[in-house]
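Shown next: upload_18.cif, containing mmCIF, C-alpha atoms.
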```
data_entry
#
loop_
_atom_site.label_atom_id
_atom_site.label_comp_id
_atom_site.auth_asym_id
_atom_site.auth_seq_id
_atom_site.Cartn_x
_atom_site.Cartn_y
_atom_site.Cartn_z
CA MET A 1 26.01 -55.46 -21.14
CA THR A 2 25.72 -51.83 -20.03
CA ALA A 3 25.45 -50.48 -16.49
CA PRO A 4 21.96 -49.34 -15.39
CA LEU A 5 21.35 -45.60 -15.50
CA THR A 6 20.25 -43.50 -12.51
CA PRO A 7 16.44 -43.23 -12.36
CA PRO A 8 15.17 -39.77 -13.37
CA HIS A 9 13.33 -39.23 -10.07
CA GLN A 10 16.44 -39.83 -7.92
CA PRO A 11 19.21 -37.19 -7.94
CA SER A 12 22.74 -38.32 -8.46
CA PRO A 13 24.89 -38.32 -5.28
CA HIS A 14 27.64 -36.52 -7.20
CA ASP A 15 25.42 -33.71 -8.50
CA PRO A 16 27.11 -30.41 -7.48
CA TRP A 17 23.82 -28.49 -7.97
CA GLN A 18 21.79 -30.63 -5.62
CA THR A 19 19.56 -28.54 -3.29
CA PRO A 20 20.79 -28.68 0.33
CA PRO A 21 18.32 -29.94 2.93
CA LYS A 22 16.24 -27.48 4.94
CA GLY A 23 17.83 -26.39 8.17
CA GLY A 24 21.25 -25.39 6.87
CA GLY A 25 22.99 -28.64 7.93
CA PRO A 26 23.23 -32.16 6.58
CA GLY A 27 20.37 -33.37 8.75
CA GLY A 28 18.40 -30.11 8.94
CA SER A 29 19.00 -29.69 12.67
CA HIS A 30 19.82 -25.94 12.57
CA PRO A 31 16.67 -24.07 11.44
CA GLY A 32 17.98 -20.78 12.78
CA THR A 33 20.69 -20.61 10.16
CA LEU A 34 18.24 -20.09 7.31
CA LEU A 35 18.54 -16.68 5.68
CA GLU A 36 15.44 -14.55 5.15
CA SER A 37 14.59 -13.40 1.67
CA PRO A 38 14.58 -9.66 0.88
CA GLU A 39 10.78 -9.73 0.54
CA GLU A 40 10.37 -11.09 4.07
CA LYS A 41 12.75 -8.48 5.47
CA ASP A 42 10.84 -5.67 3.74
CA LEU A 43 7.54 -7.03 5.04
CA ARG A 44 8.82 -7.17 8.60
CA ALA A 45 10.15 -3.62 8.34
CA ASP A 46 6.84 -2.34 6.95
CA LEU A 47 4.90 -4.02 9.74
CA ARG A 48 7.13 -2.46 12.37
CA ARG A 49 6.71 1.00 10.85
CA ALA A 50 2.94 0.54 10.60
CA ALA A 51 2.70 -0.53 14.26
CA LEU A 52 4.79 2.46 15.34
CA ILE A 53 2.66 4.91 13.35
CA CYS A 54 -0.55 3.35 14.67
CA ALA A 55 0.66 3.77 18.26
CA VAL A 56 1.76 7.39 17.74
CA VAL A 57 -1.52 8.35 16.05
CA THR A 58 -3.53 6.71 18.83
CA VAL A 59 -1.65 8.66 21.50
CA ALA A 60 -2.26 11.87 19.53
CA GLY A 61 -5.96 11.35 20.27
CA VAL A 62 -5.29 12.82 23.72
CA ALA A 63 -4.48 16.16 22.11
CA LEU A 64 -7.62 15.95 19.98
CA GLY A 65 -9.77 15.30 23.05
CA LEU A 66 -8.31 18.25 24.95
CA LEU A 67 -8.78 20.59 22.00
CA TRP A 68 -12.34 19.43 21.49
CA LEU A 69 -13.08 19.99 25.17
CA SER A 70 -11.76 23.55 25.05
CA LEU A 71 -13.17 24.62 21.66
CA ALA A 72 -16.56 22.89 21.50
CA PRO A 73 -19.54 25.14 22.30
CA ARG A 74 -21.50 24.36 25.45
CA VAL A 75 -25.21 23.59 25.54
CA PRO A 76 -26.84 25.84 28.23
CA LEU A 77 -29.43 24.23 30.53
CA ILE A 78 -31.71 25.66 33.23
CA SER A 79 -33.78 24.04 35.98
CA ASP A 80 -36.95 25.05 37.88
CA ASN A 81 -36.54 22.39 40.60
CA THR A 82 -39.01 20.15 38.76
CA ALA A 83 -37.40 19.64 35.34
CA VAL A 84 -34.40 20.65 33.27
CA PHE A 85 -34.89 22.69 30.08
CA LEU A 86 -32.74 24.18 27.33
CA SER A 87 -31.91 27.78 28.06
CA ASP A 88 -31.96 28.58 24.33
CA SER A 89 -34.35 26.25 22.54
CA GLU A 90 -33.20 27.50 19.12
CA GLY A 91 -29.49 27.21 19.79
CA GLU A 92 -27.16 25.08 17.65
CA GLU A 93 -24.52 24.33 20.25
CA ALA A 94 -25.08 20.55 20.03
CA ILE A 95 -24.46 20.55 16.29
CA GLY A 96 -21.48 22.85 16.82
CA ALA A 97 -19.86 20.31 19.14
CA ASP A 98 -20.11 17.59 16.50
CA GLY A 99 -18.80 19.90 13.79
CA THR A 100 -15.87 20.99 15.96
CA PHE A 101 -14.89 17.39 16.57
CA ALA A 102 -15.10 16.55 12.84
CA LEU A 103 -13.03 19.57 11.77
CA LEU A 104 -10.36 18.87 14.36
CA ALA A 105 -10.24 15.21 13.33
CA LEU A 106 -9.81 16.17 9.68
CA ALA A 107 -6.92 18.48 10.58
CA PHE A 108 -5.27 15.80 12.72
CA GLY A 109 -5.67 13.30 9.89
CA ALA A 110 -3.98 15.59 7.36
CA VAL A 111 -1.08 16.39 9.70
CA SER A 112 -0.54 12.73 10.61
CA ALA A 113 -0.51 11.75 6.92
CA VAL A 114 2.11 14.40 6.12
CA LEU A 115 4.32 13.30 9.01
CA ALA A 116 3.96 9.63 8.07
CA PHE A 117 4.89 10.40 4.45
CA CYS A 118 7.97 12.35 5.56
CA PHE A 119 8.90 9.48 7.88
CA HIS A 120 8.60 6.82 5.18
CA ARG A 121 8.22 8.04 1.59
CA ARG A 122 7.85 4.64 -0.01
CA GLY A 123 4.46 4.13 1.63
CA GLY A 124 2.82 0.76 1.29
CA VAL A 125 -0.40 -0.93 2.29
CA ALA A 126 0.79 -1.63 5.83
CA LEU A 127 1.55 2.06 6.43
CA VAL A 128 -1.89 3.16 5.21
CA VAL A 129 -3.59 0.52 7.35
CA GLY A 130 -1.62 1.74 10.37
CA LEU A 131 -2.80 5.30 9.70
CA ALA A 132 -6.43 4.21 9.34
CA VAL A 133 -6.49 2.04 12.48
CA GLY A 134 -4.62 4.65 14.49
CA GLY A 135 -7.06 7.35 13.36
CA VAL A 136 -10.09 5.37 14.55
CA LEU A 137 -8.46 4.53 17.88
CA GLY A 138 -7.32 8.12 18.38
CA SER A 139 -10.81 9.45 17.64
CA VAL A 140 -12.41 7.06 20.13
CA LEU A 141 -9.83 8.05 22.74
CA ALA A 142 -10.51 11.76 22.12
CA TRP A 143 -14.27 11.23 22.36
CA GLN A 144 -14.07 9.39 25.65
CA LEU A 145 -11.54 11.83 27.09
CA GLY A 146 -13.61 14.88 26.17
CA THR A 147 -16.84 13.51 27.60
CA ARG A 148 -15.21 12.38 30.87
CA LEU A 149 -13.29 15.62 31.49
CA GLY A 150 -16.25 17.80 30.56
CA PRO A 151 -19.33 18.62 32.62
CA THR A 152 -20.82 15.73 34.55
CA SER A 153 -23.31 13.49 32.85
CA ASP A 154 -25.61 13.47 35.92
CA VAL A 155 -27.76 16.40 34.89
CA VAL A 156 -30.24 16.11 37.76
CA ALA A 157 -27.53 16.23 40.40
CA HIS A 158 -25.88 19.14 38.64
CA ALA A 159 -29.17 21.06 38.48
CA ARG A 160 -29.81 20.54 42.20
CA ALA A 161 -26.26 21.66 42.97
CA VAL A 162 -26.54 24.96 41.06
CA GLY A 163 -30.10 25.74 42.20
CA LYS A 164 -33.27 27.01 40.57
CA GLY A 165 -33.02 29.35 37.61
CA VAL A 166 -29.25 29.07 37.28
CA ILE A 167 -27.82 28.28 33.82
CA PHE A 168 -25.29 25.45 33.69
CA ASP A 169 -23.57 23.49 30.94
CA ALA A 170 -24.84 20.23 29.60
CA PRO A 171 -22.44 17.29 29.33
CA LEU A 172 -20.27 17.23 26.22
CA GLU A 173 -21.57 14.58 23.85
CA LEU A 174 -20.85 13.42 20.32
CA HIS A 175 -24.15 12.75 18.57
CA ALA A 176 -22.77 12.13 15.05
CA LYS A 177 -20.76 8.95 15.48
CA GLY A 178 -19.63 9.12 11.87
CA ALA A 179 -17.19 11.86 12.92
CA LEU A 180 -15.04 9.11 14.41
CA LEU A 181 -14.02 8.14 10.86
CA ALA A 182 -12.98 11.66 9.80
CA TRP A 183 -9.40 11.25 11.02
CA SER A 184 -8.84 8.01 9.10
CA LEU A 185 -10.47 9.23 5.89
CA ALA A 186 -8.46 12.46 5.86
CA ALA A 187 -5.21 10.61 6.60
CA MET A 188 -5.70 8.08 3.80
CA ALA A 189 -6.73 10.73 1.25
CA VAL A 190 -3.81 13.06 2.01
CA HIS A 191 -1.30 10.22 2.09
CA LEU A 192 -2.56 8.92 -1.26
CA GLY A 193 -2.22 12.36 -2.82
CA LEU A 194 1.31 12.86 -1.47
CA THR A 195 2.38 9.43 -2.69
CA ALA A 196 0.96 10.11 -6.15
CA MET A 197 2.74 13.47 -6.47
CA PHE A 198 6.00 13.02 -4.60
CA GLY A 199 6.40 9.28 -4.09
CA PRO A 200 9.15 7.23 -5.75
CA ARG A 201 8.45 6.14 -9.31
CA ASP A 202 8.93 2.63 -10.62
CA PRO A 203 11.48 2.41 -13.46
CA GLU A 204 9.83 2.33 -16.85
CA PRO A 205 10.50 -0.78 -18.92
CA GLU A 206 12.88 -0.39 -21.85
CA TRP A 207 11.33 -1.49 -25.12
CA GLY A 208 13.97 -2.96 -27.44
CA VAL A 209 14.65 -5.79 -29.83
CA TYR A 210 14.57 -9.14 -28.14
CA HIS A 211 17.55 -11.34 -28.93
CA ALA A 212 16.99 -14.99 -28.26
CA PRO A 213 19.93 -16.87 -26.74
CA GLY A 214 21.87 -19.16 -29.04
CA PRO A 215 23.89 -18.89 -32.23
CA ALA A 216 22.88 -16.34 -34.80
CA PRO A 217 20.86 -17.75 -37.71
CA VAL A 218 22.63 -18.15 -41.08
CA TYR A 219 20.71 -16.89 -44.08
CA GLY A 220 21.41 -18.16 -47.63
CA PRO A 221 21.12 -16.24 -50.91
CA ALA A 222 17.69 -15.11 -51.89
CA PRO A 223 16.09 -17.35 -54.58
CA SER A 224 15.63 -15.85 -58.05
CA SER A 225 12.16 -15.30 -59.43
CA GLY A 226 12.82 -17.01 -62.80
CA PRO A 227 14.11 -20.49 -63.77
CA ALA A 228 17.78 -21.12 -63.20
CA GLN A 229 20.00 -20.87 -66.32
CA PRO A 230 22.94 -23.25 -66.79
CA ALA A 231 26.23 -21.54 -66.43
CA GLY A 232 28.39 -21.50 -69.63
CA PRO A 233 32.16 -21.72 -69.94
CA ALA A 234 34.13 -18.80 -68.71
CA PRO A 235 35.27 -16.48 -71.55
CA SER A 236 39.02 -16.55 -72.26
CA SER A 237 41.10 -13.43 -72.26
CA GLY A 238 42.84 -14.19 -75.61
CA PRO A 239 41.49 -13.85 -79.21
CA ALA A 240 38.77 -16.19 -80.29
CA PRO A 241 40.03 -19.14 -82.47
CA SER A 242 39.08 -19.08 -86.15
CA SER A 243 37.79 -22.08 -88.12
CA GLY A 244 39.97 -21.50 -91.26
CA PRO A 245 43.11 -19.67 -92.48
CA ALA A 246 43.12 -16.05 -91.81
CA GLN A 247 42.24 -13.92 -94.83
CA PRO A 248 43.94 -10.59 -95.15
CA GLY A 249 41.57 -7.76 -95.09
CA PRO A 250 41.42 -5.06 -97.78
CA SER A 251 43.21 -2.60 -95.63
CA SER A 252 46.18 -4.88 -94.78
CA PRO A 253 49.44 -4.18 -96.85
CA GLU A 254 50.77 -6.91 -99.23
CA PRO A 255 54.06 -8.59 -98.25
CA PRO A 256 57.18 -7.44 -100.27
CA GLU A 257 58.45 -9.70 -103.10
CA PRO A 258 61.76 -11.50 -102.45
CA PRO A 259 64.83 -10.16 -104.43
CA VAL A 260 65.85 -12.06 -107.67
CA PRO A 261 69.40 -13.51 -107.49
CA PRO A 262 71.81 -12.48 -110.44
CA THR A 263 72.49 -15.13 -113.17
CA GLY A 264 76.10 -15.92 -114.42
CA SER A 265 77.20 -15.34 -118.11
#
```

For this file, produce the structure as structure tokens.
Amino acid sequence: MTAPLTPPHQPSPHDPWQTPPKGGGPGGSHPGTLLESPEEKDLRADLRRAALICAVVTVAGVALGLLWLSLAPRVPLISDNTAVFLSDSEGEEAIGADGTFALLALAFGAVSAVLAFCFHRRGGVALVVGLAVGGVLGSVLAWQLGTRLGPTSDVVAHARAVGKGVIFDAPLELHAKGALLAWSLAAMAVHLGLTAMFGPRDPEPEWGVYHAPGPAPVYGPAPSSGPAQPAGPAPSSGPAPSSGPAQPGPSSPEPPEPPVPPTGS
């Protein structure tokens, strides 16, 4: 009788390649000792960089709001103690305020993309998302800051304070809300272009002959196209045997006659 074999679904207790239990110890009671894979470490680092860039870009919205407040054209208003009117009915100051905000946001987006690329050349999806989210938050912060620090939004009270026939500035407003996306769009476009031109390149695959593991194949002699001929005896190096006595040829000399012995008298 033979001993029963180990079932295939149960590992042998003496297997040196058996996978250790989760947790790092025999009973898995130390989960903190597990080592992170390189992919998880890279993901955590990318998320930290993206969060940092998002925060910095959002804070930069303060500078955008102050610049918009100082560079945007003002809409002149006038009052006659009964109503408030535009001082210049054909003026384009309201459109100029929206255009100023959009141009400044585009410039801030390009500068933030260049700085983010210099900070981290490898890029990544997390970095681009951080730029986009930070651009939207920074634009909203700049919009709110500019409108709150500008002229008051209570036009009636402002008109009564300045008096009849006196020109005063209308509150700073952003009518084109699509300008809030200009920062993010410019940042993503510029960062994509910089990554395409100056970003690190992936190594190109080397195309070669694939060698399968294992012993090299043994090839035999190539088969002949015709039927195989039986091999004859090997030729000898000596003269061929003759079937009869050798006949002298016409050119061979005759043998000399033997001498005749002298006879006695």

Query raised in the report: Given the choices A:Ala50, A:Ile167, A:Val136, A:Leu69, which gets closest to Phe108 of chain A if the distance is worked out from only C-alpha atoms?
Result: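 Nearest to Phe108 of chain A: A:Val136.
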
Requested in this report: Take the PyMOL selection byres ((chain A and resi 85) around 12), apply it to the structure above, and return the hits as a VMD selection string.
Outcome: chain A and resid 75 to 84 86 to 89 155 to 156 159 164 to 170

Evaluate the PyMOL selection byres ((chain A and resi 137-154) around 6) on the structure here and hand back the selected residues as a PDB file with C-alpha atoms, in the coordinates of the input.
```pdb
ATOM      1  CA  THR A  58      -3.530   6.710  18.830  1.00  0.00           C
ATOM      2  CA  GLY A  61      -5.960  11.350  20.270  1.00  0.00           C
ATOM      3  CA  VAL A  62      -5.290  12.820  23.720  1.00  0.00           C
ATOM      4  CA  LEU A  64      -7.620  15.950  19.980  1.00  0.00           C
ATOM      5  CA  GLY A  65      -9.770  15.300  23.050  1.00  0.00           C
ATOM      6  CA  LEU A  69     -13.080  19.990  25.170  1.00  0.00           C
ATOM      7  CA  GLY A 134      -4.620   4.650  14.490  1.00  0.00           C
ATOM      8  CA  GLY A 135      -7.060   7.350  13.360  1.00  0.00           C
ATOM      9  CA  VAL A 136     -10.090   5.370  14.550  1.00  0.00           C
ATOM     10  CA  VAL A 155     -27.760  16.400  34.890  1.00  0.00           C
ATOM     11  CA  VAL A 156     -30.240  16.110  37.760  1.00  0.00           C
ATOM     12  CA  ALA A 157     -27.530  16.230  40.400  1.00  0.00           C
ATOM     13  CA  PRO A 171     -22.440  17.290  29.330  1.00  0.00           C
ATOM     14  CA  LEU A 172     -20.270  17.230  26.220  1.00  0.00           C
ATOM     15  CA  LEU A 180     -15.040   9.110  14.410  1.00  0.00           C
TER      16      LEU A 180
END
```

Report task. Quick one: pull the distance between atom CA of Ala45 of chain A and atom CA of His120 of chain A, Å, one decimal. Result ->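 It comes out at 11.0 Å.
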
**Report entry** Gap from atom CA of Asp98 of chain A to atom CA of Ala72 of chain A - Å, one decimal
**Finding:** 8.1 Å

Query raised in the report: In Å, with one decimal, what is the gap from atom CA of Leu43 of chain A to atom CA of Ala126 of chain A?
Result: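 Straight-line distance from atom CA of Leu43 of chain A to atom CA of Ala126 of chain A works out to 8.7 Å.
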
Requested in this report: Evaluate the PyMOL selection byres ((chain A and resi 106) around 8) here and jot the selected residues down as JSON, numbers by chain.
Outcome: {"A": [102, 103, 104, 105, 107, 108, 109, 110, 182, 183, 185, 186, 187]}

Query raised in the report: Excluding same-chain residues fewer than 2 positions from Ala116 of chain A, what lies within 12 Å of it counting only C-alpha atoms, as a PyMOL selection string?
Result: chain A and resi 49-54+56-57+109-114+118-124+126-132+134+187-188+190-192+194-195

Write out, as a compact mmCIF listing (two decimals), in the coordinates of the input, the residues just selected, with C-alpha atoms.
```
# COMPACT_ATOMS: atom_id res chain seq x y z
CA ARG A 49 6.71 1.00 10.85
CA ALA A 50 2.94 0.54 10.60
CA ALA A 51 2.70 -0.53 14.26
CA LEU A 52 4.79 2.46 15.34
CA ILE A 53 2.66 4.91 13.35
CA CYS A 54 -0.55 3.35 14.67
CA VAL A 56 1.76 7.39 17.74
CA VAL A 57 -1.52 8.35 16.05
CA GLY A 109 -5.67 13.30 9.89
CA ALA A 110 -3.98 15.59 7.36
CA VAL A 111 -1.08 16.39 9.70
CA SER A 112 -0.54 12.73 10.61
CA ALA A 113 -0.51 11.75 6.92
CA VAL A 114 2.11 14.40 6.12
CA CYS A 118 7.97 12.35 5.56
CA PHE A 119 8.90 9.48 7.88
CA HIS A 120 8.60 6.82 5.18
CA ARG A 121 8.22 8.04 1.59
CA ARG A 122 7.85 4.64 -0.01
CA GLY A 123 4.46 4.13 1.63
CA GLY A 124 2.82 0.76 1.29
CA ALA A 126 0.79 -1.63 5.83
CA LEU A 127 1.55 2.06 6.43
CA VAL A 128 -1.89 3.16 5.21
CA VAL A 129 -3.59 0.52 7.35
CA GLY A 130 -1.62 1.74 10.37
CA LEU A 131 -2.80 5.30 9.70
CA ALA A 132 -6.43 4.21 9.34
CA GLY A 134 -4.62 4.65 14.49
CA ALA A 187 -5.21 10.61 6.60
CA MET A 188 -5.70 8.08 3.80
CA VAL A 190 -3.81 13.06 2.01
CA HIS A 191 -1.30 10.22 2.09
CA LEU A 192 -2.56 8.92 -1.26
CA LEU A 194 1.31 12.86 -1.47
CA THR A 195 2.38 9.43 -2.69
```

Requested in this report: Counting only C-alpha atoms, figure out which residue out of A:Met197, A:Ala176, A:Trp68, A:Asp42 gets nearest to Ile95 of chain A.
Outcome: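 Residue with the minimum atom-to-atom distance to Ile95 of chain A: A:Ala176.
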
Polymer residues at most 7 Å from (-15.7, 25.6, 20.3) by only C-alpha atoms, as a PDB file with C-alpha atoms, keeping the file's coordinate frame:
```pdb
ATOM      1  CA  SER A  70     -11.760  23.550  25.050  1.00  0.00           C
ATOM      2  CA  LEU A  71     -13.170  24.620  21.660  1.00  0.00           C
ATOM      3  CA  ALA A  72     -16.560  22.890  21.500  1.00  0.00           C
ATOM      4  CA  PRO A  73     -19.540  25.140  22.300  1.00  0.00           C
ATOM      5  CA  ALA A  97     -19.860  20.310  19.140  1.00  0.00           C
ATOM      6  CA  THR A 100     -15.870  20.990  15.960  1.00  0.00           C
TER       7      THR A 100
END
```

Requested in this report: Choose the residue, out of A:Leu181, A:Gly91, A:Phe101, A:Gly199, that has the smallest atom-to-atom separation from Leu66 of chain A; count all atoms listed in the file.
Outcome: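 So, comparing all the options, the nearest one is A:Phe101.
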